[in-house]
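Input: a single structure, listed below in structure tokens.
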Amino acid sequence: MSLLLLWTTLLLPQIGLGQGSADVSARFAADSVPSGQVMDLHVQFDITPGWHIYHPDQDENGVPTSVTVAGDGVEAAGPLQSLQEPKVHEVAVGSFQATYLWLEGKPELVLPVRVTGPVGTAKVVVQTHFMICDENVCLPAEDRSFEIPIQITEALAPTAAEVAVAAQAQEQEDFQNGQSFDPEREDVNYGKVSVDFDLEGRVAPGETVDLVFSMEVAPGWHVYDPKQNPLDGIPVSVVVQGDGLHLLSKATTKSLPQEHVTHYGGGTQRYWWQSGKLEWRSQLRFDGPIPDDAAVRLIWQACNEDSCLQVEQKTFSLATYADLGASGLPQGFWAFLLAAISAGLFTLLTPCVFPMIPVTISYFIKRAESGKGTPLGNATAYAGGIIFTFAGIGVGAALLLGAGGANAIGSNPWINLAIGLLFVVMAISLLGFFEIQAPRFLQNFASKTQAEGQTKGGYLPVALMAIAFSITAFTCTVGFVGAVFALGLKLGVLYLVGGMFVYGFVFALPFFFLALLPSRLNKLPSAGGWMNTVKVCAGFVELLAAIKFFSNTDLVLELEVLTWPVVLGLSTVILLLWGAYMLGLYKLPYDYEKPKPGKRRRVFALVILATGFWLAPGIFNRDYSIGGLVAYMPPKHYGLHQVDRASGLEVGPAELTWYEDYELAFAAALKAKTPLFLDFTGASCVNCRLMENGVFPDAAVKPLLAQTTRVSLWVDKRKEYMEMEKVRFHQVTQPLYVLIDPRTDTVLGVYQGYNPDPAPFAEFLQKGLDAYSAAE
């Protein structure tokens with residue numbers, strides 16, 4: 001069962017990261033400035049060729065570059081401007097169009113800064129926030145900080161205009177600073193304004209999300225635009241609660257404010273009104289793990305032409321949106337490390353490794369007795385050499401490919417095919433049909449290093465000897481470490497480096513501890529045929545894993561060879577062959593005779609055979625339940641080509657009809673007068689299969705889905721759908737579900753990830769349907 005767990009956990013999908021770099025420097029236009037005056041701050045970027053940052057005027061489709069200043073008596077005195085004209089890049093996906101403003105090469109940004117501190121030398125802290133991207137991938141947004149000294153001289157006498165501007169700026173700052181998040185203050189709403197909340201993006205450490213507030217103001221009433229002077233009316237604003245939450249922008253809306261001017265005495269007073277249906281947006285960045293009390297609050301004041309109500313507010317929790325654990329690591333990461341630990345443990349039980357443990361420990365003891373180091377020092381050097389070998393392979397591959405390279409291969413059909421073939425080759429080797437040998441030059445290096453390690457003093461020869469041992473054990477380790485490497489490469493750099501390090505760590509542990517406690521050597525079991533059994537079992541597990549990668553390739557290329565019954569049939573045959581071997585019904589090349597099963601082996605064989613017989617009925621019945629293993633199967637409808645006579649569409653998940661073309665589905669939804677349901681899915685997405693087979697057919701979900709026009713957007717089949725998901729919905733992982741109102745091309749709701757409980761998904765669908773009906 002441990003090997004079955006290994007097979008399952010090795011197939012967890014995930015995401016990776018990006019690559020690229022930018023050097024940033026900052027300087028003031030002069031070395032000194034009179035107190036109270038404005039000085040330009042110049043921020044210079046030097047960006048890797050082929051990469052870019054976003055212009056400060058970039059809209060919500062990108063992360064605009066920003067510059068802030070901090071220090072006693074220092075404040076921004078105007079907007080950030082670029083001395084370089086942006087490169088305009090437009091992307092069209094169906095009816096959706098995004099415009100990007102790129103800055104490439106060595107762009108220079110200028111921020112006017114007002115310095116009001118006392119005479120002397122002031123230290124100004126400059127912070128930049130930006131995102132580096134190429135045409136395919138973006139790095140996580142990052143911050144750079146600088147401390148720049150500036151000499152403040154005696155203030156000049158201010159003009160009357162400067163006094164007025166300073167007073168206005170101070171009023172705005174006092175208002176914003178006064179809007180802190182008081183958790184004891186209860187929400188207030190007098191019924192003239194309704195507010196709903198949604199969030200676009202991943203609630204995870206280092207991520208930036210869009211806060212979206214949908215507001216509807218009763219007829220005859222209005223709220224105040226953020227540009228409103230707070231002394232005359234409280235503008236709409238956003239505040240946040242929680243450590244590590246950083247609000248990047250004030251509330252904004254695409255609706256233009258209505259200007260109302262009131263004349264009194266010899267002057268005028270301006271008001272900026274917003275009314276009707278409004279969508280307020282603000283950007284929020286998570287600098288660390290998501291706290292349980294993370295929340296956002298929208299504040300406003302509702303007025304009519306005669307009077308205003310008291311300030312109102314509505315609070316929304318962010319805890320339910322978090323898709324990463326408190327550690328900030330991706331879902332499935334710990335399960336992958338558990339798989340790497342299992343692989344390391346099984347490697348220790350192979351014929352190339354296990355018999356060498358007592359031999360190596362005895363060598364440590366003799367070496368220490370001859371004055372060449374201590375047992376602890378020798379053991380530490382040896383274990384460190386092993387860990388360095390495997391972790392070095394992972395780090396080396398990460399540096400060679402770059403993080404974006406490791407991430408990009410995850411859904412590539414040819415890479416999936418190559419990994420599947422690699423698993424088959426390693427499996428055949430583990431079953432004993434041939435041996436995979438290390439290259440000759442590495443074998444020569446290993447032999448020379450091991451000989452020197454026995455004669456030379458110091459700990460470096462011991463570490464080199466450990467590296468040599470890792471190479472000589474290649475025949476047995478390749479089947480296990482190859483699986484960890486291939487899966488880590490597919491899932492992302494974090495998995496690749498972490499998995500290889502953990503594998504090496506587990507592999508080295510027995511050498512370390514037994515060197516400290518040599519008396520425990522006699523407790524080890526004797527070497528024997530059971531070690532070959534471990535290799536054979538691993539071979540069958542890798543054959544099962546290979547089927548999944550071949551299936552991914554088949555799905556993307558739409559070959560329709562590895563359909564549901566074929567995949568189940570192949571898996572069943574492998575399990576039955578495995579079980580028969582464990583019962584000793586046949587032998588493999590490394591067996592001198594047919595294995596004679598003991599009690600434990602027979603029990604294990606019966607478990608394997610029972611699993612095979614349990615899966616077998618599914619070969620002939622696609623509706624047969626195989627539990628959680630459905631996540632690793634192709635879609636049940638794949639290859640059937642069941643066509644609904646009325647619509648001419650193929651029947652898919654939940655026995656409903658589905659489009660696979662966005663524009664056709666959009667036009668059909670308009671014609672049918674229904675919301676458009678977008679299903680961003682992928683061939684290697686196991687959570688997508690769980691949703692399709694476990695949630696979509698649920699009695700509470702299927703009737704709601706039937707009220708929409710549905711489209712499956714395969715991100716690994718059509719690049720533009722991945723682009724749509726990234727650009728419009730700020731996501732790169734699947735599954736992602738979106739409800740669209742095709743009449744206005746607006747988002748009615750977003751649902752991300754897998755949840756086995758159908759209730760939240762049904763609630764998401766119902767809210768979207770209700771919003772669609774309310775807009776009629």
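Residues in the structure tokens are named by chain (A, B, ... in the order shown) and by number from 1 within that chain; ligands are numbered from 1 in the order shown.
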Please provide as a PDB file with N, CA, C and O atoms, in the first residue's frame all residues within 9 Å of Ser282 in chain A, with the sequence filter that same-chain residues fewer than 5 positions apart are discarded (counting only C-alpha atoms).
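Saved the output as out-v5.pdb:
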ATOM      1  N   VAL A 209      -3.732  40.846  -5.585  1.00  0.00           N
ATOM      2  CA  VAL A 209      -5.095  40.535  -6.017  1.00  0.00           C
ATOM      3  C   VAL A 209      -5.863  41.831  -6.244  1.00  0.00           C
ATOM      4  O   VAL A 209      -5.490  42.899  -5.762  1.00  0.00           O
ATOM      5  N   ASP A 210      -6.955  41.713  -6.990  1.00  0.00           N
ATOM      6  CA  ASP A 210      -7.887  42.823  -7.189  1.00  0.00           C
ATOM      7  C   ASP A 210      -9.074  42.643  -6.249  1.00  0.00           C
ATOM      8  O   ASP A 210      -9.724  41.589  -6.261  1.00  0.00           O
ATOM      9  N   LEU A 211      -9.339  43.653  -5.443  1.00  0.00           N
ATOM     10  CA  LEU A 211     -10.545  43.685  -4.614  1.00  0.00           C
ATOM     11  C   LEU A 211     -11.642  44.343  -5.440  1.00  0.00           C
ATOM     12  O   LEU A 211     -11.466  45.457  -5.941  1.00  0.00           O
ATOM     13  N   VAL A 212     -12.758  43.676  -5.604  1.00  0.00           N
ATOM     14  CA  VAL A 212     -13.836  44.169  -6.459  1.00  0.00           C
ATOM     15  C   VAL A 212     -15.105  44.328  -5.615  1.00  0.00           C
ATOM     16  O   VAL A 212     -15.629  43.344  -5.085  1.00  0.00           O
ATOM     17  N   PHE A 213     -15.572  45.559  -5.502  1.00  0.00           N
ATOM     18  CA  PHE A 213     -16.784  45.860  -4.738  1.00  0.00           C
ATOM     19  C   PHE A 213     -17.873  46.299  -5.722  1.00  0.00           C
ATOM     20  O   PHE A 213     -17.703  47.293  -6.429  1.00  0.00           O
ATOM     21  N   VAL A 238     -11.128  52.231   0.885  1.00  0.00           N
ATOM     22  CA  VAL A 238     -10.912  50.834   1.270  1.00  0.00           C
ATOM     23  C   VAL A 238      -9.872  50.783   2.373  1.00  0.00           C
ATOM     24  O   VAL A 238      -8.842  51.465   2.301  1.00  0.00           O
ATOM     25  N   LEU A 247      -2.133  47.486   1.029  1.00  0.00           N
ATOM     26  CA  LEU A 247      -3.026  48.071   0.028  1.00  0.00           C
ATOM     27  C   LEU A 247      -2.197  48.899  -0.947  1.00  0.00           C
ATOM     28  O   LEU A 247      -1.495  49.841  -0.546  1.00  0.00           O
ATOM     29  N   LEU A 248      -2.264  48.554  -2.223  1.00  0.00           N
ATOM     30  CA  LEU A 248      -1.429  49.199  -3.229  1.00  0.00           C
ATOM     31  C   LEU A 248      -2.101  50.398  -3.888  1.00  0.00           C
ATOM     32  O   LEU A 248      -1.420  51.236  -4.483  1.00  0.00           O
ATOM     33  N   SER A 249      -3.427  50.484  -3.831  1.00  0.00           N
ATOM     34  CA  SER A 249      -4.106  51.584  -4.518  1.00  0.00           C
ATOM     35  C   SER A 249      -5.404  51.913  -3.808  1.00  0.00           C
ATOM     36  O   SER A 249      -5.992  51.068  -3.122  1.00  0.00           O
ATOM     37  N   LYS A 250      -5.833  53.153  -3.981  1.00  0.00           N
ATOM     38  CA  LYS A 250      -7.131  53.572  -3.462  1.00  0.00           C
ATOM     39  C   LYS A 250      -8.244  52.989  -4.332  1.00  0.00           C
ATOM     40  O   LYS A 250      -7.999  52.430  -5.397  1.00  0.00           O
ATOM     41  N   ALA A 251      -9.470  53.141  -3.871  1.00  0.00           N
ATOM     42  CA  ALA A 251     -10.611  52.663  -4.648  1.00  0.00           C
ATOM     43  C   ALA A 251     -10.736  53.471  -5.934  1.00  0.00           C
ATOM     44  O   ALA A 251     -10.638  54.702  -5.926  1.00  0.00           O
ATOM     45  N   THR A 252     -10.937  52.763  -7.047  1.00  0.00           N
ATOM     46  CA  THR A 252     -11.125  53.417  -8.340  1.00  0.00           C
ATOM     47  C   THR A 252     -12.338  52.801  -9.036  1.00  0.00           C
ATOM     48  O   THR A 252     -12.706  51.658  -8.768  1.00  0.00           O
TER      49      THR A 252
END
List every residue of range 511-668 of chain A that DSSP, applied to the backbone, labels as helix (DSSP H, G or I), and write the result as a compact mmCIF listing (two decimals) with N, CA and C atoms, in the first residue's frame.
# COMPACT_ATOMS: atom_id res chain seq x y z
N PHE A 511 23.54 6.22 7.10
CA PHE A 511 25.00 6.31 7.18
C PHE A 511 25.42 7.22 8.32
N PHE A 512 24.66 8.27 8.56
CA PHE A 512 25.01 9.22 9.62
C PHE A 512 24.76 8.62 11.00
N PHE A 513 23.54 8.14 11.24
CA PHE A 513 23.19 7.68 12.58
C PHE A 513 23.90 6.37 12.95
N LEU A 514 24.06 5.46 12.00
CA LEU A 514 24.73 4.20 12.33
C LEU A 514 26.22 4.41 12.57
N ALA A 515 26.79 5.47 11.99
CA ALA A 515 28.18 5.78 12.28
C ALA A 515 28.33 6.26 13.73
N LEU A 516 27.31 6.92 14.25
CA LEU A 516 27.33 7.36 15.64
C LEU A 516 26.99 6.23 16.61
N PRO A 518 27.32 2.50 16.17
CA PRO A 518 27.69 1.30 15.41
C PRO A 518 27.15 0.01 15.99
N SER A 519 26.80 0.03 17.28
CA SER A 519 26.27 -1.20 17.88
C SER A 519 24.93 -1.60 17.28
N ARG A 520 24.30 -0.64 16.61
CA ARG A 520 22.99 -0.93 16.00
C ARG A 520 23.11 -1.68 14.68
N LEU A 521 24.35 -1.86 14.19
CA LEU A 521 24.51 -2.51 12.90
C LEU A 521 23.97 -3.93 12.90
N ASN A 522 24.13 -4.61 14.06
CA ASN A 522 23.68 -6.00 14.09
C ASN A 522 22.16 -6.13 14.14
N LYS A 523 21.48 -4.99 14.26
CA LYS A 523 20.01 -5.02 14.24
C LYS A 523 19.45 -4.99 12.82
N TRP A 530 14.79 -10.39 -0.73
CA TRP A 530 13.74 -9.40 -0.48
C TRP A 530 14.10 -8.04 -1.08
N MET A 531 15.39 -7.75 -1.22
CA MET A 531 15.79 -6.46 -1.80
C MET A 531 15.44 -6.39 -3.28
N ASN A 532 15.54 -7.49 -3.98
CA ASN A 532 15.13 -7.52 -5.39
C ASN A 532 13.62 -7.32 -5.51
N THR A 533 12.88 -7.85 -4.52
CA THR A 533 11.42 -7.66 -4.53
C THR A 533 11.06 -6.19 -4.43
N VAL A 534 11.82 -5.44 -3.62
CA VAL A 534 11.58 -4.00 -3.50
C VAL A 534 11.75 -3.33 -4.87
N LYS A 535 12.81 -3.69 -5.60
CA LYS A 535 13.03 -3.10 -6.92
C LYS A 535 11.91 -3.46 -7.88
N VAL A 536 11.46 -4.72 -7.86
CA VAL A 536 10.40 -5.15 -8.77
C VAL A 536 9.10 -4.39 -8.48
N CYS A 537 8.77 -4.24 -7.19
CA CYS A 537 7.55 -3.51 -6.83
C CYS A 537 7.62 -2.07 -7.34
N ALA A 538 8.79 -1.44 -7.18
CA ALA A 538 8.95 -0.08 -7.69
C ALA A 538 8.79 -0.04 -9.21
N GLY A 539 9.24 -1.08 -9.89
CA GLY A 539 9.08 -1.13 -11.35
C GLY A 539 7.63 -1.15 -11.76
N PHE A 540 6.80 -1.93 -11.07
CA PHE A 540 5.38 -1.96 -11.40
C PHE A 540 4.71 -0.62 -11.11
N VAL A 541 5.12 0.03 -9.99
CA VAL A 541 4.56 1.35 -9.67
C VAL A 541 4.89 2.34 -10.79
N GLU A 542 6.11 2.30 -11.32
CA GLU A 542 6.48 3.25 -12.37
C GLU A 542 5.77 2.95 -13.68
N LEU A 543 5.45 1.70 -13.94
CA LEU A 543 4.63 1.39 -15.12
C LEU A 543 3.24 2.02 -14.98
N LEU A 544 2.67 1.93 -13.79
CA LEU A 544 1.36 2.56 -13.56
C LEU A 544 1.45 4.07 -13.73
N ALA A 545 2.53 4.67 -13.21
CA ALA A 545 2.69 6.11 -13.34
C ALA A 545 2.84 6.53 -14.80
N ALA A 546 3.53 5.72 -15.59
CA ALA A 546 3.75 6.06 -17.00
C ALA A 546 2.44 6.20 -17.75
N ILE A 547 1.44 5.39 -17.39
CA ILE A 547 0.14 5.45 -18.08
C ILE A 547 -0.46 6.85 -17.98
N LYS A 548 -0.33 7.49 -16.80
CA LYS A 548 -0.90 8.82 -16.60
C LYS A 548 -0.26 9.84 -17.55
N PHE A 549 1.06 9.77 -17.73
CA PHE A 549 1.73 10.74 -18.60
C PHE A 549 1.40 10.49 -20.06
N PHE A 550 1.31 9.22 -20.45
CA PHE A 550 0.88 8.91 -21.82
C PHE A 550 -0.55 9.41 -22.06
N SER A 551 -1.39 9.28 -21.03
CA SER A 551 -2.78 9.74 -21.15
C SER A 551 -2.84 11.25 -21.33
N ASN A 552 -1.97 12.00 -20.60
CA ASN A 552 -1.94 13.45 -20.77
C ASN A 552 -1.62 13.83 -22.22
N THR A 553 -0.62 13.15 -22.78
CA THR A 553 -0.25 13.41 -24.19
C THR A 553 -1.42 13.10 -25.11
N ASP A 554 -2.05 11.97 -24.89
CA ASP A 554 -3.18 11.55 -25.73
C ASP A 554 -4.31 12.58 -25.68
N LEU A 555 -4.58 13.12 -24.49
CA LEU A 555 -5.67 14.10 -24.34
C LEU A 555 -5.36 15.39 -25.10
N VAL A 556 -4.15 15.91 -24.94
CA VAL A 556 -3.80 17.18 -25.58
C VAL A 556 -3.81 17.05 -27.10
N LEU A 557 -3.25 15.94 -27.60
CA LEU A 557 -3.19 15.74 -29.05
C LEU A 557 -4.47 15.16 -29.63
N TRP A 564 -10.99 5.97 -21.37
CA TRP A 564 -11.30 5.42 -20.04
C TRP A 564 -11.11 3.91 -19.97
N PRO A 565 -11.74 3.11 -20.83
CA PRO A 565 -11.59 1.66 -20.71
C PRO A 565 -10.16 1.18 -20.99
N VAL A 566 -9.45 1.85 -21.89
CA VAL A 566 -8.08 1.42 -22.20
C VAL A 566 -7.16 1.67 -21.01
N VAL A 567 -7.25 2.85 -20.41
CA VAL A 567 -6.41 3.17 -19.26
C VAL A 567 -6.72 2.23 -18.10
N LEU A 568 -8.01 2.01 -17.83
CA LEU A 568 -8.37 1.08 -16.75
C LEU A 568 -7.90 -0.33 -17.06
N GLY A 569 -8.02 -0.73 -18.32
CA GLY A 569 -7.59 -2.08 -18.71
C GLY A 569 -6.10 -2.28 -18.52
N LEU A 570 -5.29 -1.31 -18.97
CA LEU A 570 -3.84 -1.40 -18.80
C LEU A 570 -3.46 -1.43 -17.32
N SER A 571 -4.11 -0.56 -16.53
CA SER A 571 -3.82 -0.53 -15.09
C SER A 571 -4.17 -1.85 -14.43
N THR A 572 -5.30 -2.43 -14.82
CA THR A 572 -5.72 -3.70 -14.23
C THR A 572 -4.74 -4.82 -14.58
N VAL A 573 -4.30 -4.87 -15.84
CA VAL A 573 -3.34 -5.91 -16.25
C VAL A 573 -2.04 -5.80 -15.46
N ILE A 574 -1.53 -4.55 -15.29
CA ILE A 574 -0.29 -4.36 -14.53
C ILE A 574 -0.46 -4.81 -13.09
N LEU A 575 -1.59 -4.46 -12.48
CA LEU A 575 -1.84 -4.87 -11.10
C LEU A 575 -1.93 -6.38 -10.97
N LEU A 576 -2.58 -7.05 -11.91
CA LEU A 576 -2.70 -8.51 -11.85
C LEU A 576 -1.34 -9.17 -12.04
N LEU A 577 -0.52 -8.64 -12.96
CA LEU A 577 0.83 -9.18 -13.14
C LEU A 577 1.67 -8.98 -11.88
N TRP A 578 1.52 -7.82 -11.27
CA TRP A 578 2.24 -7.52 -10.03
C TRP A 578 1.84 -8.51 -8.93
N GLY A 579 0.53 -8.67 -8.76
CA GLY A 579 0.05 -9.59 -7.73
C GLY A 579 0.50 -11.02 -7.97
N ALA A 580 0.47 -11.44 -9.26
CA ALA A 580 0.89 -12.81 -9.58
C ALA A 580 2.37 -13.01 -9.25
N TYR A 581 3.19 -11.98 -9.51
CA TYR A 581 4.61 -12.09 -9.17
C TYR A 581 4.80 -12.23 -7.67
N MET A 582 4.06 -11.43 -6.90
CA MET A 582 4.20 -11.48 -5.45
C MET A 582 3.78 -12.84 -4.90
N LYS A 599 4.06 -15.10 4.55
CA LYS A 599 2.73 -14.63 4.95
C LYS A 599 2.53 -13.17 4.57
N ARG A 600 3.50 -12.32 4.89
CA ARG A 600 3.36 -10.89 4.59
C ARG A 600 3.27 -10.65 3.08
N ARG A 601 4.08 -11.37 2.34
CA ARG A 601 4.08 -11.20 0.89
C ARG A 601 2.75 -11.62 0.29
N ARG A 602 2.16 -12.70 0.81
CA ARG A 602 0.86 -13.14 0.29
C ARG A 602 -0.23 -12.11 0.61
N VAL A 603 -0.18 -11.52 1.81
CA VAL A 603 -1.18 -10.49 2.16
C VAL A 603 -1.04 -9.29 1.22
N PHE A 604 0.21 -8.86 0.98
CA PHE A 604 0.43 -7.74 0.08
C PHE A 604 -0.05 -8.07 -1.33
N ALA A 605 0.20 -9.30 -1.77
CA ALA A 605 -0.24 -9.73 -3.10
C ALA A 605 -1.76 -9.70 -3.20
N LEU A 606 -2.44 -10.14 -2.16
CA LEU A 606 -3.91 -10.14 -2.18
C LEU A 606 -4.47 -8.72 -2.26
N VAL A 607 -3.80 -7.78 -1.56
CA VAL A 607 -4.24 -6.38 -1.64
C VAL A 607 -4.11 -5.86 -3.07
N ILE A 608 -3.00 -6.17 -3.72
CA ILE A 608 -2.78 -5.71 -5.10
C ILE A 608 -3.80 -6.35 -6.04
N LEU A 609 -4.01 -7.66 -5.90
CA LEU A 609 -4.98 -8.35 -6.77
C LEU A 609 -6.38 -7.83 -6.53
N ALA A 610 -6.73 -7.57 -5.27
CA ALA A 610 -8.07 -7.04 -4.96
C ALA A 610 -8.27 -5.68 -5.63
N THR A 611 -7.21 -4.86 -5.64
CA THR A 611 -7.31 -3.56 -6.31
C THR A 611 -7.55 -3.75 -7.81
N GLY A 612 -6.85 -4.69 -8.41
CA GLY A 612 -7.04 -4.97 -9.84
C GLY A 612 -8.44 -5.44 -10.15
N PHE A 613 -8.96 -6.40 -9.36
CA PHE A 613 -10.31 -6.90 -9.59
C PHE A 613 -11.36 -5.82 -9.31
N TRP A 614 -11.06 -4.91 -8.38
CA TRP A 614 -11.99 -3.80 -8.08
C TRP A 614 -12.09 -2.85 -9.28
N LEU A 615 -10.97 -2.62 -9.96
CA LEU A 615 -10.98 -1.71 -11.11
C LEU A 615 -11.58 -2.34 -12.36
N ALA A 616 -11.49 -3.66 -12.48
CA ALA A 616 -11.85 -4.34 -13.72
C ALA A 616 -13.25 -4.02 -14.24
N PRO A 617 -14.31 -3.98 -13.41
CA PRO A 617 -15.65 -3.68 -13.97
C PRO A 617 -15.73 -2.34 -14.69
N GLY A 618 -14.86 -1.38 -14.30
CA GLY A 618 -14.89 -0.07 -14.95
C GLY A 618 -14.46 -0.12 -16.39
N ILE A 619 -13.79 -1.20 -16.81
CA ILE A 619 -13.38 -1.33 -18.21
C ILE A 619 -14.61 -1.37 -19.12
N GLY A 627 -13.75 5.75 -7.03
CA GLY A 627 -13.32 6.63 -5.96
C GLY A 627 -12.40 7.74 -6.43
N GLY A 628 -11.42 8.07 -5.58
CA GLY A 628 -10.50 9.16 -5.88
C GLY A 628 -9.59 8.90 -7.05
N LEU A 629 -9.45 7.63 -7.49
CA LEU A 629 -8.59 7.33 -8.64
C LEU A 629 -9.13 7.94 -9.93
N VAL A 630 -10.38 8.39 -9.91
CA VAL A 630 -10.94 9.02 -11.11
C VAL A 630 -10.14 10.26 -11.50
N ALA A 631 -9.44 10.87 -10.52
CA ALA A 631 -8.66 12.07 -10.80
C ALA A 631 -7.53 11.79 -11.79
N TYR A 632 -7.05 10.54 -11.84
CA TYR A 632 -5.92 10.21 -12.70
C TYR A 632 -6.36 9.55 -14.01
N PRO A 653 -19.06 16.30 -19.35
CA PRO A 653 -19.27 16.10 -17.92
C PRO A 653 -20.71 16.35 -17.50
N ALA A 654 -21.18 15.54 -16.54
CA ALA A 654 -22.55 15.62 -16.00
C ALA A 654 -23.60 15.31 -17.06
N GLU A 655 -23.18 14.64 -18.17
CA GLU A 655 -24.11 14.30 -19.24
C GLU A 655 -24.79 15.53 -19.83
N TYR A 662 -14.58 29.29 -27.43
CA TYR A 662 -15.11 30.39 -26.65
C TYR A 662 -16.07 31.28 -27.45
N GLU A 663 -15.68 31.66 -28.65
CA GLU A 663 -16.51 32.59 -29.42
C GLU A 663 -17.82 31.95 -29.83
N LEU A 664 -17.80 30.66 -30.19
CA LEU A 664 -19.05 29.98 -30.51
C LEU A 664 -19.96 29.92 -29.29
N ALA A 665 -19.37 29.61 -28.14
CA ALA A 665 -20.16 29.52 -26.91
C ALA A 665 -20.72 30.89 -26.52
N PHE A 666 -19.92 31.95 -26.69
CA PHE A 666 -20.36 33.30 -26.35
C PHE A 666 -21.58 33.68 -27.20
N ALA A 667 -21.50 33.42 -28.50
CA ALA A 667 -22.62 33.74 -29.39
C ALA A 667 -23.85 32.91 -29.05
N ALA A 668 -23.62 31.64 -28.69
CA ALA A 668 -24.74 30.77 -28.34
C ALA A 668 -25.42 31.23 -27.06
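From CA of Phe316 in chain A back to CA of Val695 in chain A, the distance works out to 26.6 Å.
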Find the residues near range 76-88 of chain A: any atom within 6 Å, counting only C-alpha atoms, skip ones fewer than 5 places away on the same chain, and give them as a short mmCIF file (atom, residue, chain, number, x, y, z; two decimals) with C-alpha atoms, in the first residue's frame.
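And here's out03.cif as it stands now:
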data_model
loop_
_atom_site.label_atom_id
_atom_site.label_comp_id
_atom_site.auth_asym_id
_atom_site.auth_seq_id
_atom_site.Cartn_x
_atom_site.Cartn_y
_atom_site.Cartn_z
CA TYR A 100 -0.31 46.63 -21.97
CA LEU A 101 2.17 49.49 -21.55
CA TRP A 102 5.68 48.04 -21.52
CA LEU A 103 8.93 49.72 -20.47
CA PRO A 107 13.64 53.26 -18.47
CA GLU A 108 13.90 56.21 -16.07
CA LEU A 109 11.02 57.26 -13.82
CA VAL A 110 10.68 60.64 -12.09
CA LEU A 111 8.76 61.33 -8.88
CA PRO A 112 8.46 64.91 -7.53
CA VAL A 113 9.22 64.85 -3.79
CA ARG A 114 8.47 67.62 -1.29
#
Exercise. For Lys767 in chain A, which residue among A:Asn755, A:Asp698, A:Leu739, A:Glu154 is the nearest when counting only C-alpha atoms?
Worked result: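 Checking each candidate against Lys767 in chain A, we get A:Leu739 as the closest.
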Review point. Which distance in Å separates CA of Asp644 in chain A and CA of Val711 in chain A, to one decimal?
Key: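 Between CA of Asp644 in chain A and CA of Val711 in chain A the gap is 15.0 Å.
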For this session: Skip Thr708 in chain A itself and residues of its chain fewer than 3 positions away, then list as a ChimeraX atom specification all residues within 8 Å of it, counting only C-alpha atoms.
Result: /A:669,674-677,704-705
Can those selected residues be exported to a file as a tab-separated table (two decimals), in the first residue's frame so that it contains all heavy atoms?
chain	number	residue	atom	x	y	z
A	669	ALA	N	-24.63	31.70	-26.08
A	669	ALA	CA	-25.21	32.19	-24.83
A	669	ALA	C	-26.04	33.44	-25.07
A	669	ALA	O	-27.12	33.62	-24.46
A	669	ALA	CB	-24.10	32.47	-23.83
A	674	THR	N	-28.76	33.13	-21.83
A	674	THR	CA	-28.32	32.47	-20.60
A	674	THR	C	-26.94	32.98	-20.24
A	674	THR	O	-26.21	33.49	-21.10
A	674	THR	CB	-28.23	30.93	-20.77
A	674	THR	OG1	-27.16	30.63	-21.69
A	674	THR	CG2	-29.52	30.36	-21.28
A	675	PRO	N	-26.54	32.83	-18.96
A	675	PRO	CA	-25.14	33.14	-18.62
A	675	PRO	C	-24.21	32.16	-19.32
A	675	PRO	O	-24.60	31.05	-19.69
A	675	PRO	CB	-25.10	32.95	-17.10
A	675	PRO	CG	-26.52	32.96	-16.64
A	675	PRO	CD	-27.33	32.44	-17.78
A	676	LEU	N	-22.96	32.56	-19.49
A	676	LEU	CA	-21.93	31.71	-20.09
A	676	LEU	C	-21.04	31.17	-18.98
A	676	LEU	O	-20.46	31.94	-18.20
A	676	LEU	CB	-21.10	32.52	-21.09
A	676	LEU	CG	-19.93	31.78	-21.75
A	676	LEU	CD1	-20.43	30.59	-22.56
A	676	LEU	CD2	-19.13	32.74	-22.64
A	677	PHE	N	-20.94	29.84	-18.91
A	677	PHE	CA	-20.13	29.18	-17.89
A	677	PHE	C	-18.79	28.77	-18.50
A	677	PHE	O	-18.75	27.96	-19.44
A	677	PHE	CB	-20.86	27.95	-17.35
A	677	PHE	CG	-20.07	27.15	-16.35
A	677	PHE	CD1	-19.97	27.57	-15.02
A	677	PHE	CD2	-19.43	25.97	-16.71
A	677	PHE	CE1	-19.24	26.84	-14.09
A	677	PHE	CE2	-18.71	25.23	-15.80
A	677	PHE	CZ	-18.62	25.67	-14.47
A	704	LEU	N	-28.47	23.56	-12.05
A	704	LEU	CA	-28.01	24.94	-12.19
A	704	LEU	C	-27.09	25.08	-13.39
A	704	LEU	O	-27.17	26.06	-14.15
A	704	LEU	CB	-27.30	25.39	-10.91
A	704	LEU	CG	-28.15	25.38	-9.63
A	704	LEU	CD1	-27.30	25.76	-8.42
A	704	LEU	CD2	-29.33	26.33	-9.77
A	705	LEU	N	-26.20	24.10	-13.58
A	705	LEU	CA	-25.34	24.11	-14.76
A	705	LEU	C	-26.16	24.07	-16.04
A	705	LEU	O	-25.81	24.69	-17.05
A	705	LEU	CB	-24.39	22.90	-14.73
A	705	LEU	CG	-23.05	23.05	-14.01
A	705	LEU	CD1	-22.28	21.74	-14.05
A	705	LEU	CD2	-22.22	24.17	-14.63
